[in-house]
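Chemist: Okay, here's the structure, questions in a sec.
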Amino acid sequence: MDPDRIPSSFPAPSFRGNQREALDAIRDAFAAGNDAVLVRAPTGSGKSLLARAVAGSARAPEEADPAQATGAYYTTPQVSQLDDVAADDLLSDLNVIRGKGNYTCILPDETTTPVDRAPCARQSGYDCSIQHRCPYYADRAIASNRSIAAMTLAYFMQTAGSEVFGTRDVVVIDEAHGLAEWAEMYATVDLRPQTVPVWDDVGVPAVTDADDPLDRTARFAETLAGVCARAAEDLVASDELTPGEAARRDRLQDLRSELDWFVSDYRDPTSTTTWVVDQPDGEGTPITIKPLDPGRYLHHTVWDRGNKFALLSATILDKEAFCRGVGLDPSSVALVDVPHTFPLENRPLYDVTQGKMTYEHRDETLPNVARLLVRLLARHPEEKGIVHCHSYAIQERLAAQLAEFGVAPRIRTHDRENRDAALEEWKATDDPDCFLSVKMEEALDLCGDLARWQVLCKAPYLNTNDSRVARRLAEGQWAWYYRTALRTVIQAAGRVVRAPDDHGATYLADSSLLDLFDRARGDMPDWFAEAVDRLSRPTLPEFDPDAALAGTASTPGTRTGGGSSAGRESTSRSRSRSTGDTAPSDSADADHPLSDVWGE
């Protein structure tokens, strides 16, 4: 790469805020010989534009010897972030490629068939006469031959070792703060009837009851991999498959690969990966095999894919801890801090805590949170808001309680199946509706009037019953536990304030959030610590469901002035110590914090 090209590769006609200073610092960090540069830039600072500028420094083909890598990758774990990039005219030279399942076949009678289930995937030796027009293969050809290829992190990892997408000179990873956790989830082997096509053909042992649960799991994985291989043989040899048979073949092959990877890594004496296994219900029931600290996995899927790396996020909170978690040598990594340019008064945090939302206190606290939401609806009669519910269980209970209060006409929800459609419908409406969301603390742009206020219902501590979390806490990694929760809070706080002239209020409903701020104070970026220091307790309207509906179609009358983001009065606050849930999680694995992140 040529670091001197970074500032001149900035795609916008002018710089905003600290962008020019940030690019100069990134240039200097690479010029100093660092292999990777972490760019800690607040939400709304234009990270995608910074990413494009770094990608522009990659070696060009005409500058390279035949064996040298050229060009750049742009990748992000967030599907919505990739959508934003694809829609941004300033980033039009980032050539986006998605997984086959996101494209449909263009053959007659196949126009509703995903490309991964099209005749070319179902019929042996199929020669598609119009493959050059296939939207997937066309996008893949363009992305593989242009200087910057853009893709999700999932697709990037899946193409490790491919001839089409080999090593490039520069790799830029946007929203990189959760890279270790995303890699852990991606490398997890989930064995259950829904994911194992041959589930009924194998006897599932009680692996966690064994003297050595991991060794027993590895032996079962070897057996299961063999069963998958034999089950796939006839499908692989078949000249023509139905879409369902093709899906079964692909799943068997993918599962075998996952199992072989686990067994190989587990039995490798040089591997630094620690594996844990969960089987809470014993013999014959699902097994989940999870890696900790997947540095070796990331080396294969990420670090071996480029010469230089730029990793951007608002919430890389601790450089040393981040590098340890992803397998980077901190001595060859630089951290560039981009200051916040948004006025503090435009992004206030408000203490409206109602008690603890931990599992054992939720029954007492949740009705108070619902009453709080009615008061906030009255405070913001003409403004849209979003509530970060943390789980579907909390969302459902809040929605039911708000319906009992009679304010359902201003409330919108979603489920796992319709989350994207429900979100877009809410964003498109001009009505001052409140959206009860789950796992939307990241990669959501609610600029301007899309949302002027938001509520954090619960401190987003990880579930301590998760074996990975329990293992780390048993080793005393409490700083990691608090830092992970703080990271989610900071990400959430950035959803409703997206530009220096934007404004939005963030209300904290769970008293455990105040405790979190105390415990993780040392990991806070200065700009967020300033907002925490300015926490105030606002004066809210009295509980009045009619006032919450004032001026809407549901209540006669005229709306009175919209809610303001400015604070009314400041009072002292008391803090109580609380940590995360230790009771069973609210929902199944589909409610995992990352379950909606991965996609092609």
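Order determines the names: the first chain of the structure tokens is A, the second B, and so forth; residues in each chain are numbered 1 upward, and ligands are numbered 1 upward as they are shown.
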For region 360-391 of chain A versus region 546-552 of chain A, which residues have an atom no more than 10 Å away, and what is each residue's nearest atom pair and distance in Å rounded to one decimal, using only C-alpha atoms, chain-then-number order, as a Markdown table?

Modeler:
| residue | atom | partner | partner_atom | distance |
| --- | --- | --- | --- | --- |
| A:Leu373 | CA | A:Ala548 | CA | 9.1 |
| A:Val374 | CA | A:Ala548 | CA | 6.0 |
| A:Arg375 | CA | A:Ala548 | CA | 6.9 |
| A:Leu376 | CA | A:Ala548 | CA | 7.8 |
| A:Leu377 | CA | A:Ala548 | CA | 4.9 |
| A:Ala378 | CA | A:Ala548 | CA | 4.0 |
| A:Arg379 | CA | A:Ala548 | CA | 7.7 |
| A:His380 | CA | A:Ala548 | CA | 8.2 |
| A:Pro381 | CA | A:Ala548 | CA | 6.5 |
| A:Glu382 | CA | A:Gly551 | CA | 8.3 |

Chemist: Those residues you just picked out, can you put them in a file as a PDB file, in the first residue's frame with N, CA and C atoms?

Modeler:
ATOM      1  N   LEU A 373     -42.868   4.481  29.693  1.00  0.00           N
ATOM      2  CA  LEU A 373     -43.021   4.665  28.252  1.00  0.00           C
ATOM      3  C   LEU A 373     -44.259   5.499  27.931  1.00  0.00           C
ATOM      4  N   VAL A 374     -45.332   5.330  28.678  1.00  0.00           N
ATOM      5  CA  VAL A 374     -46.525   6.149  28.469  1.00  0.00           C
ATOM      6  C   VAL A 374     -46.193   7.617  28.714  1.00  0.00           C
ATOM      7  N   ARG A 375     -45.428   7.893  29.751  1.00  0.00           N
ATOM      8  CA  ARG A 375     -45.038   9.268  30.065  1.00  0.00           C
ATOM      9  C   ARG A 375     -44.116   9.844  28.986  1.00  0.00           C
ATOM     10  N   LEU A 376     -43.241   9.000  28.443  1.00  0.00           N
ATOM     11  CA  LEU A 376     -42.352   9.470  27.385  1.00  0.00           C
ATOM     12  C   LEU A 376     -43.114   9.718  26.090  1.00  0.00           C
ATOM     13  N   LEU A 377     -44.122   8.908  25.821  1.00  0.00           N
ATOM     14  CA  LEU A 377     -44.976   9.159  24.660  1.00  0.00           C
ATOM     15  C   LEU A 377     -45.654  10.521  24.790  1.00  0.00           C
ATOM     16  N   ALA A 378     -46.057  10.857  26.000  1.00  0.00           N
ATOM     17  CA  ALA A 378     -46.681  12.163  26.231  1.00  0.00           C
ATOM     18  C   ALA A 378     -45.649  13.285  26.120  1.00  0.00           C
ATOM     19  N   ARG A 379     -44.420  13.017  26.483  1.00  0.00           N
ATOM     20  CA  ARG A 379     -43.367  14.031  26.370  1.00  0.00           C
ATOM     21  C   ARG A 379     -42.971  14.277  24.913  1.00  0.00           C
ATOM     22  N   HIS A 380     -43.158  13.256  24.087  1.00  0.00           N
ATOM     23  CA  HIS A 380     -42.786  13.352  22.672  1.00  0.00           C
ATOM     24  C   HIS A 380     -44.017  13.079  21.798  1.00  0.00           C
ATOM     25  N   PRO A 381     -45.053  13.910  21.868  1.00  0.00           N
ATOM     26  CA  PRO A 381     -46.310  13.584  21.171  1.00  0.00           C
ATOM     27  C   PRO A 381     -46.188  13.596  19.657  1.00  0.00           C
ATOM     28  N   GLU A 382     -45.222  14.322  19.111  1.00  0.00           N
ATOM     29  CA  GLU A 382     -45.097  14.421  17.660  1.00  0.00           C
ATOM     30  C   GLU A 382     -43.801  13.810  17.148  1.00  0.00           C
TER      31      GLU A 382
END

Chemist: List every residue of region 120-184 of chain A that DSSP, applied to the backbone of this structure, places in strand (DSSP E or B), and write the result as a list in words.

Modeler: Gln123, Ile148, Ala149, Ala150, Met151, Thr152, Arg168, Asp169, Val170, Val171, Val172 and Ile173 of chain A

Chemist: Identify, on the basis of only C-alpha atoms, every residue whose closest approach to Pro193 (chain A) does not exceed 9 Å; exclude the query and any residue fewer than 5 positions from it along the same chain; express the result as a JSON list (two decimals) with all heavy atoms, in the first residue's frame.

Modeler:
[["chain", "number", "residue", "atom", "x", "y", "z"],
["A", 198, "VAL", "N", -29.19, -35.84, 9.38],
["A", 198, "VAL", "CA", -29.15, -37.26, 9.73],
["A", 198, "VAL", "C", -29.35, -37.47, 11.23],
["A", 198, "VAL", "O", -28.91, -38.47, 11.79],
["A", 198, "VAL", "CB", -27.83, -37.89, 9.26],
["A", 198, "VAL", "CG1", -27.76, -37.92, 7.74],
["A", 198, "VAL", "CG2", -26.62, -37.14, 9.84],
["A", 199, "TRP", "N", -30.01, -36.53, 11.88],
["A", 199, "TRP", "CA", -30.18, -36.58, 13.34],
["A", 199, "TRP", "C", -30.79, -37.91, 13.79],
["A", 199, "TRP", "O", -30.35, -38.51, 14.78],
["A", 199, "TRP", "CB", -31.06, -35.43, 13.79],
["A", 199, "TRP", "CG", -31.28, -35.35, 15.28],
["A", 199, "TRP", "CD1", -32.33, -35.86, 15.98],
["A", 199, "TRP", "CD2", -30.43, -34.74, 16.24],
["A", 199, "TRP", "NE1", -32.20, -35.61, 17.32],
["A", 199, "TRP", "CE2", -31.04, -34.91, 17.51],
["A", 199, "TRP", "CE3", -29.22, -34.06, 16.16],
["A", 199, "TRP", "CZ2", -30.46, -34.41, 18.69],
["A", 199, "TRP", "CZ3", -28.65, -33.56, 17.34],
["A", 199, "TRP", "CH2", -29.27, -33.74, 18.57],
["A", 200, "ASP", "N", -31.79, -38.39, 13.06],
["A", 200, "ASP", "CA", -32.46, -39.62, 13.47],
["A", 200, "ASP", "C", -31.64, -40.87, 13.18],
["A", 200, "ASP", "O", -32.02, -41.97, 13.59],
["A", 200, "ASP", "CB", -33.82, -39.73, 12.77],
["A", 200, "ASP", "CG", -34.79, -38.66, 13.22],
["A", 200, "ASP", "OD1", -34.64, -38.18, 14.36],
["A", 200, "ASP", "OD2", -35.69, -38.29, 12.44],
["A", 285, "THR", "N", -30.18, -35.10, 23.08],
["A", 285, "THR", "CA", -30.61, -33.70, 22.91],
["A", 285, "THR", "C", -29.51, -32.87, 22.25],
["A", 285, "THR", "O", -28.37, -33.32, 22.11],
["A", 285, "THR", "CB", -30.99, -33.09, 24.27],
["A", 285, "THR", "OG1", -29.81, -33.02, 25.10],
["A", 285, "THR", "CG2", -32.05, -33.93, 24.96],
["A", 286, "PRO", "N", -29.85, -31.66, 21.81],
["A", 286, "PRO", "CA", -28.89, -30.84, 21.07],
["A", 286, "PRO", "C", -27.57, -30.60, 21.81],
["A", 286, "PRO", "O", -27.52, -30.55, 23.05],
["A", 286, "PRO", "CB", -29.65, -29.53, 20.87],
["A", 286, "PRO", "CG", -31.08, -29.94, 20.83],
["A", 286, "PRO", "CD", -31.19, -31.04, 21.84]]

Chemist: Quick one: everything within 10 Å of Arg452 (chain A), counting only C-alpha atoms, minus sequence neighbours fewer than 4 positions away in the same chain. Send it as an MDAnalysis selection string.

Modeler: chainID A and resid 380 382:386 432 446:448 495:497 502:506 563:565

Chemist: Any chance you could export the current selection's N, CA, C and O atoms as a compact mmCIF listing (two decimals), in the first residue's frame?

Modeler:
# COMPACT_ATOMS: atom_id res chain seq x y z
N HIS A 380 -43.16 13.26 24.09
CA HIS A 380 -42.79 13.35 22.67
C HIS A 380 -44.02 13.08 21.80
O HIS A 380 -44.04 12.11 21.04
N GLU A 382 -45.22 14.32 19.11
CA GLU A 382 -45.10 14.42 17.66
C GLU A 382 -43.80 13.81 17.15
O GLU A 382 -43.43 14.04 15.99
N GLU A 383 -43.11 13.06 17.99
CA GLU A 383 -41.80 12.53 17.61
C GLU A 383 -41.77 11.01 17.72
O GLU A 383 -42.29 10.43 18.69
N LYS A 384 -41.14 10.38 16.75
CA LYS A 384 -40.99 8.93 16.76
C LYS A 384 -39.89 8.52 17.73
O LYS A 384 -38.89 9.23 17.91
N GLY A 385 -40.07 7.35 18.33
CA GLY A 385 -39.08 6.84 19.26
C GLY A 385 -38.88 5.35 19.07
O GLY A 385 -39.68 4.66 18.44
N ILE A 386 -37.78 4.85 19.63
CA ILE A 386 -37.47 3.42 19.56
C ILE A 386 -37.08 2.94 20.95
O ILE A 386 -36.40 3.66 21.70
N PRO A 432 -46.13 9.57 14.74
CA PRO A 432 -45.16 9.57 15.85
C PRO A 432 -45.18 8.26 16.63
O PRO A 432 -45.38 8.24 17.85
N LEU A 446 -30.96 6.19 12.28
CA LEU A 446 -32.23 6.86 12.50
C LEU A 446 -32.00 8.37 12.53
O LEU A 446 -32.20 9.04 13.54
N CYS A 447 -31.55 8.88 11.40
CA CYS A 447 -31.20 10.30 11.33
C CYS A 447 -32.45 11.17 11.32
O CYS A 447 -33.53 10.74 10.90
N GLY A 448 -32.28 12.37 11.79
CA GLY A 448 -33.36 13.35 11.73
C GLY A 448 -34.63 12.89 12.40
O GLY A 448 -34.62 12.33 13.50
N ARG A 495 -27.71 5.57 17.78
CA ARG A 495 -28.71 5.30 16.74
C ARG A 495 -29.50 6.54 16.33
O ARG A 495 -29.91 6.65 15.18
N VAL A 496 -29.75 7.48 17.26
CA VAL A 496 -30.67 8.58 16.98
C VAL A 496 -29.97 9.92 16.78
O VAL A 496 -30.65 10.93 16.59
N VAL A 497 -28.65 9.95 16.81
CA VAL A 497 -27.92 11.19 16.56
C VAL A 497 -26.86 10.87 15.52
O VAL A 497 -25.84 10.24 15.82
N ASP A 502 -27.90 17.03 14.11
CA ASP A 502 -28.99 16.12 14.50
C ASP A 502 -29.11 16.16 16.03
O ASP A 502 -28.19 16.58 16.73
N HIS A 503 -30.23 15.72 16.56
CA HIS A 503 -30.38 15.66 18.01
C HIS A 503 -31.34 14.53 18.37
O HIS A 503 -32.26 14.20 17.61
N GLY A 504 -31.12 13.94 19.54
CA GLY A 504 -31.98 12.86 20.01
C GLY A 504 -31.67 12.54 21.46
O GLY A 504 -30.52 12.68 21.92
N ALA A 505 -32.69 12.13 22.19
CA ALA A 505 -32.56 11.84 23.62
C ALA A 505 -32.47 10.34 23.83
O ALA A 505 -33.20 9.56 23.21
N THR A 506 -31.58 9.94 24.74
CA THR A 506 -31.45 8.53 25.13
C THR A 506 -31.81 8.40 26.59
O THR A 506 -31.17 9.00 27.47
N GLY A 563 -42.20 16.99 21.56
CA GLY A 563 -41.26 16.81 22.66
C GLY A 563 -39.90 17.35 22.32
O GLY A 563 -39.46 17.32 21.19
N SER A 564 -39.22 17.86 23.29
CA SER A 564 -37.89 18.43 23.10
C SER A 564 -36.84 17.46 23.57
O SER A 564 -37.06 16.66 24.46
N SER A 565 -35.62 17.57 23.01
CA SER A 565 -34.50 16.76 23.46
C SER A 565 -33.75 17.44 24.58
O SER A 565 -32.81 16.89 25.13

Chemist: Out of A:Met440, A:Leu224, A:Met157, A:Val352, which residue has the shortest atom-to-atom distance to Tyr297 (chain A) when counting only C-alpha atoms?

Modeler: A:Met157

Chemist: Env of Gly282 (chain A): 9 Å cut, atoms = only C-alpha atoms, seq-sep filter 5 positions within chain, self excluded. Answer as a count of residues only.

Modeler: 6

Chemist: Skipping near chain neighbours, those fewer than 6 positions away, what residues fall within 7 Å of region 109-126 of chain A using only C-alpha atoms, listed as a list in words?

Modeler: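 The contact residues come out as Lys100, Gly101, Asn102, Tyr103, Asp239, Glu240, Leu241, Thr242, Pro243 and Ala246 of chain A.
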
Chemist: Please produce a file of the residues just selected, as a short mmCIF file (atom, residue, chain, number, x, y, z; two decimals), in the first residue's frame, where the atoms kept are all heavy atoms.

Modeler:
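This went into again-v3.cif:
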data_model
loop_
_atom_site.label_atom_id
_atom_site.label_comp_id
_atom_site.auth_asym_id
_atom_site.auth_seq_id
_atom_site.Cartn_x
_atom_site.Cartn_y
_atom_site.Cartn_z
N LYS A 100 -24.90 -16.48 -2.83
CA LYS A 100 -25.81 -16.94 -3.87
C LYS A 100 -27.28 -16.87 -3.47
O LYS A 100 -28.15 -16.61 -4.30
CB LYS A 100 -25.48 -18.38 -4.25
CG LYS A 100 -24.22 -18.56 -5.07
CD LYS A 100 -24.06 -20.03 -5.46
CE LYS A 100 -22.83 -20.26 -6.31
NZ LYS A 100 -22.70 -21.69 -6.71
N GLY A 101 -27.54 -17.12 -2.21
CA GLY A 101 -28.93 -17.14 -1.76
C GLY A 101 -29.63 -15.81 -1.86
O GLY A 101 -30.86 -15.73 -1.74
N ASN A 102 -28.88 -14.73 -2.09
CA ASN A 102 -29.48 -13.40 -2.22
C ASN A 102 -29.84 -13.03 -3.65
O ASN A 102 -30.35 -11.95 -3.91
CB ASN A 102 -28.51 -12.35 -1.66
CG ASN A 102 -28.31 -12.49 -0.17
OD1 ASN A 102 -29.09 -11.99 0.62
ND2 ASN A 102 -27.26 -13.19 0.21
N TYR A 103 -29.56 -13.93 -4.59
CA TYR A 103 -29.86 -13.69 -6.00
C TYR A 103 -30.85 -14.74 -6.49
O TYR A 103 -30.85 -15.87 -5.99
CB TYR A 103 -28.59 -13.77 -6.85
CG TYR A 103 -27.51 -12.77 -6.49
CD1 TYR A 103 -26.61 -13.03 -5.46
CD2 TYR A 103 -27.37 -11.59 -7.20
CE1 TYR A 103 -25.62 -12.13 -5.13
CE2 TYR A 103 -26.37 -10.68 -6.90
CZ TYR A 103 -25.49 -10.95 -5.86
OH TYR A 103 -24.49 -10.06 -5.54
N ASP A 239 -27.30 -37.22 -10.94
CA ASP A 239 -27.23 -36.31 -12.08
C ASP A 239 -28.16 -35.11 -11.92
O ASP A 239 -27.91 -34.04 -12.47
CB ASP A 239 -27.58 -37.04 -13.37
CG ASP A 239 -26.50 -38.03 -13.77
OD1 ASP A 239 -25.34 -37.84 -13.34
OD2 ASP A 239 -26.81 -39.01 -14.49
N GLU A 240 -29.25 -35.31 -11.18
CA GLU A 240 -30.21 -34.21 -11.03
C GLU A 240 -30.90 -34.31 -9.68
O GLU A 240 -31.31 -35.39 -9.26
CB GLU A 240 -31.24 -34.24 -12.16
CG GLU A 240 -32.20 -33.06 -12.13
CD GLU A 240 -33.06 -32.97 -13.39
OE1 GLU A 240 -32.82 -33.77 -14.33
OE2 GLU A 240 -33.96 -32.11 -13.43
N LEU A 241 -30.99 -33.17 -9.02
CA LEU A 241 -31.59 -33.11 -7.68
C LEU A 241 -32.75 -32.11 -7.69
O LEU A 241 -32.78 -31.18 -8.49
CB LEU A 241 -30.56 -32.67 -6.64
CG LEU A 241 -29.31 -33.52 -6.46
CD1 LEU A 241 -28.35 -32.83 -5.48
CD2 LEU A 241 -29.66 -34.92 -5.98
N THR A 242 -33.66 -32.32 -6.78
CA THR A 242 -34.68 -31.30 -6.53
C THR A 242 -34.05 -30.19 -5.68
O THR A 242 -32.97 -30.40 -5.08
CB THR A 242 -35.87 -31.90 -5.77
OG1 THR A 242 -35.43 -32.29 -4.46
CG2 THR A 242 -36.45 -33.09 -6.51
N PRO A 243 -34.69 -29.02 -5.59
CA PRO A 243 -34.14 -27.98 -4.71
C PRO A 243 -33.96 -28.45 -3.27
O PRO A 243 -32.97 -28.12 -2.62
CB PRO A 243 -35.18 -26.86 -4.82
CG PRO A 243 -35.75 -27.02 -6.19
CD PRO A 243 -35.80 -28.51 -6.41
N ALA A 246 -30.91 -30.66 -3.10
CA ALA A 246 -29.69 -29.85 -3.20
C ALA A 246 -29.40 -29.17 -1.86
O ALA A 246 -28.23 -29.08 -1.44
CB ALA A 246 -29.85 -28.80 -4.29
#

Chemist: Sorted by chain and rising residue number, which residues of region 136-202 of chain A lie within 9 Å of region 64-79 of chain A, and what are their closest atom pairs and distances in Å to one decimal, counting only C-alpha atoms, as a tab-separated table?

Modeler:
residue	atom	partner	partner_atom	distance
A:Arg146	CA	A:Gly71	CA	7.6
A:Ser147	CA	A:Gly71	CA	4.5
A:Ile148	CA	A:Ala72	CA	4.8
A:Ala149	CA	A:Tyr73	CA	5.0
A:Ala150	CA	A:Tyr74	CA	4.6
A:Met151	CA	A:Thr75	CA	5.0
A:Thr152	CA	A:Thr76	CA	5.0
A:Leu153	CA	A:Pro77	CA	4.7
A:Ala154	CA	A:Pro77	CA	6.7
A:Tyr155	CA	A:Thr75	CA	8.8
A:Phe156	CA	A:Thr75	CA	7.1
A:Gly166	CA	A:Ala69	CA	8.5
A:Thr167	CA	A:Ala69	CA	6.1
A:Arg168	CA	A:Ala69	CA	4.8
A:Asp169	CA	A:Thr70	CA	4.8
A:Val170	CA	A:Ala72	CA	4.6
A:Val171	CA	A:Tyr73	CA	4.7
A:Val172	CA	A:Tyr74	CA	4.9
A:Ile173	CA	A:Thr75	CA	5.0
A:Asp174	CA	A:Thr76	CA	4.9
A:Glu175	CA	A:Thr76	CA	6.1
A:Ala176	CA	A:Thr76	CA	7.3
A:Gly178	CA	A:Pro77	CA	8.8
A:Leu179	CA	A:Pro77	CA	8.2
A:Trp182	CA	A:Pro77	CA	7.8

Chemist: Grab the residues selected above and save them as a short mmCIF file (atom, residue, chain, number, x, y, z; two decimals), in the first residue's frame with N, CA, C and O atoms.

Modeler:
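Ended up saving to selection13.cif:
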data_model
loop_
_atom_site.label_atom_id
_atom_site.label_comp_id
_atom_site.auth_asym_id
_atom_site.auth_seq_id
_atom_site.Cartn_x
_atom_site.Cartn_y
_atom_site.Cartn_z
N ARG A 146 -12.33 -5.89 -9.95
CA ARG A 146 -12.18 -4.47 -9.68
C ARG A 146 -11.30 -4.24 -8.46
O ARG A 146 -11.03 -5.16 -7.68
N SER A 147 -10.90 -2.99 -8.26
CA SER A 147 -9.90 -2.70 -7.24
C SER A 147 -10.44 -2.85 -5.82
O SER A 147 -9.69 -3.15 -4.89
N ILE A 148 -11.75 -2.65 -5.62
CA ILE A 148 -12.32 -2.77 -4.27
C ILE A 148 -13.54 -3.68 -4.33
O ILE A 148 -14.53 -3.37 -4.99
N ALA A 149 -13.48 -4.81 -3.65
CA ALA A 149 -14.61 -5.73 -3.54
C ALA A 149 -15.23 -5.58 -2.16
O ALA A 149 -14.52 -5.58 -1.15
N ALA A 150 -16.54 -5.43 -2.12
CA ALA A 150 -17.26 -5.23 -0.86
C ALA A 150 -18.17 -6.41 -0.60
O ALA A 150 -18.90 -6.86 -1.49
N MET A 151 -18.18 -6.90 0.65
CA MET A 151 -18.97 -8.08 1.00
C MET A 151 -19.16 -8.14 2.50
O MET A 151 -18.47 -7.46 3.26
N THR A 152 -20.12 -8.95 2.94
CA THR A 152 -20.28 -9.17 4.37
C THR A 152 -19.11 -9.99 4.89
O THR A 152 -18.44 -10.72 4.14
N LEU A 153 -18.88 -9.89 6.19
CA LEU A 153 -17.80 -10.65 6.80
C LEU A 153 -18.06 -12.15 6.68
O LEU A 153 -17.12 -12.95 6.53
N ALA A 154 -19.33 -12.55 6.72
CA ALA A 154 -19.66 -13.97 6.56
C ALA A 154 -19.22 -14.47 5.20
O ALA A 154 -18.58 -15.53 5.09
N TYR A 155 -19.54 -13.73 4.14
CA TYR A 155 -19.13 -14.14 2.80
C TYR A 155 -17.61 -14.10 2.66
O TYR A 155 -17.00 -14.97 2.02
N PHE A 156 -17.00 -13.09 3.24
CA PHE A 156 -15.54 -12.97 3.21
C PHE A 156 -14.89 -14.20 3.83
O PHE A 156 -13.95 -14.79 3.27
N GLY A 166 -8.83 -14.13 -3.63
CA GLY A 166 -7.59 -14.47 -2.95
C GLY A 166 -7.10 -13.33 -2.07
O GLY A 166 -7.86 -12.44 -1.66
N THR A 167 -5.82 -13.33 -1.79
CA THR A 167 -5.22 -12.31 -0.95
C THR A 167 -5.20 -10.97 -1.68
O THR A 167 -4.90 -10.90 -2.87
N ARG A 168 -5.52 -9.91 -0.95
CA ARG A 168 -5.42 -8.55 -1.50
C ARG A 168 -4.47 -7.71 -0.64
O ARG A 168 -4.11 -8.11 0.48
N ASP A 169 -4.10 -6.57 -1.15
CA ASP A 169 -3.11 -5.75 -0.47
C ASP A 169 -3.64 -5.13 0.81
O ASP A 169 -2.95 -5.06 1.82
N VAL A 170 -4.90 -4.67 0.76
CA VAL A 170 -5.49 -3.97 1.90
C VAL A 170 -6.85 -4.59 2.21
O VAL A 170 -7.63 -4.87 1.29
N VAL A 171 -7.12 -4.79 3.49
CA VAL A 171 -8.43 -5.26 3.94
C VAL A 171 -8.96 -4.24 4.95
O VAL A 171 -8.28 -3.92 5.93
N VAL A 172 -10.16 -3.74 4.69
CA VAL A 172 -10.80 -2.79 5.60
C VAL A 172 -12.02 -3.47 6.20
O VAL A 172 -12.89 -3.96 5.47
N ILE A 173 -12.07 -3.52 7.53
CA ILE A 173 -13.20 -4.13 8.23
C ILE A 173 -13.95 -3.04 8.98
O ILE A 173 -13.42 -2.43 9.91
N ASP A 174 -15.15 -2.75 8.55
CA ASP A 174 -16.00 -1.75 9.20
C ASP A 174 -16.80 -2.42 10.31
O ASP A 174 -17.09 -3.62 10.26
N GLU A 175 -17.18 -1.63 11.33
CA GLU A 175 -17.91 -2.17 12.48
C GLU A 175 -17.18 -3.38 13.05
O GLU A 175 -17.77 -4.45 13.28
N ALA A 176 -15.90 -3.21 13.33
CA ALA A 176 -15.02 -4.34 13.68
C ALA A 176 -14.98 -4.65 15.16
O ALA A 176 -14.27 -5.58 15.57
N GLY A 178 -16.81 -6.20 17.29
CA GLY A 178 -17.19 -7.52 17.77
C GLY A 178 -16.57 -8.65 16.98
O GLY A 178 -17.10 -9.76 16.94
N LEU A 179 -15.41 -8.40 16.36
CA LEU A 179 -14.82 -9.40 15.47
C LEU A 179 -14.59 -10.73 16.17
O LEU A 179 -14.87 -11.79 15.61
N TRP A 182 -18.00 -12.40 16.76
CA TRP A 182 -18.58 -12.86 15.50
C TRP A 182 -17.87 -14.11 15.00
O TRP A 182 -18.51 -15.03 14.50
#

Chemist: Using only C-alpha atoms, which of the listed residues (A:Arg487, A:Arg498, A:Arg521, A:His388) sits closest to Lys439 (chain A)?

Modeler: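 Nearest to Lys439 (chain A): A:His388.
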
Chemist: Rounded to one decimal, what separation in Å do you get between CA of Leu402 (chain A) and CA of Thr429 (chain A)?

Modeler: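 Straight-line distance from CA of Leu402 (chain A) to CA of Thr429 (chain A) works out to 20.3 Å.
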
Chemist: Would you mind reading off the distance between CA of Ser238 (chain A) and CA of Asp250 (chain A), one decimal, in Å?

Modeler: 13.3 Å

Chemist: As an exercise, work out the distance from CA of Gly284 (chain A) to CA of Arg219 (chain A) in Å and give it to one decimal place.

Modeler: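 Separating CA of Gly284 (chain A) from CA of Arg219 (chain A) is a distance of 15.5 Å.
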
Chemist: Using only C-alpha atoms, pick whichever of A:Glu181, A:Asp278, A:Asp515, A:Asp526 has the shortest atom-to-atom distance to Thr217 (chain A).

Modeler: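 Result for the nearest residue to Thr217 (chain A): A:Asp278.
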
Chemist: Using only C-alpha atoms, which protein or nucleic acid residues come within 9 Å of region 183-186 of chain A? Drop anything in the same chain fewer than 2 positions from it, and give the result as a PyMOL selection string.

Modeler: chain A and resi 154+178-181+188-189+290-295+297-298+326+594-595+598

Chemist: Pick the closest to Val387 (chain A) from A:Val338, A:Ala187, A:Ala160, A:Val455: which is it, counting only C-alpha atoms?

Modeler: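 Of all the options, A:Val455 lies closest to Val387 (chain A).
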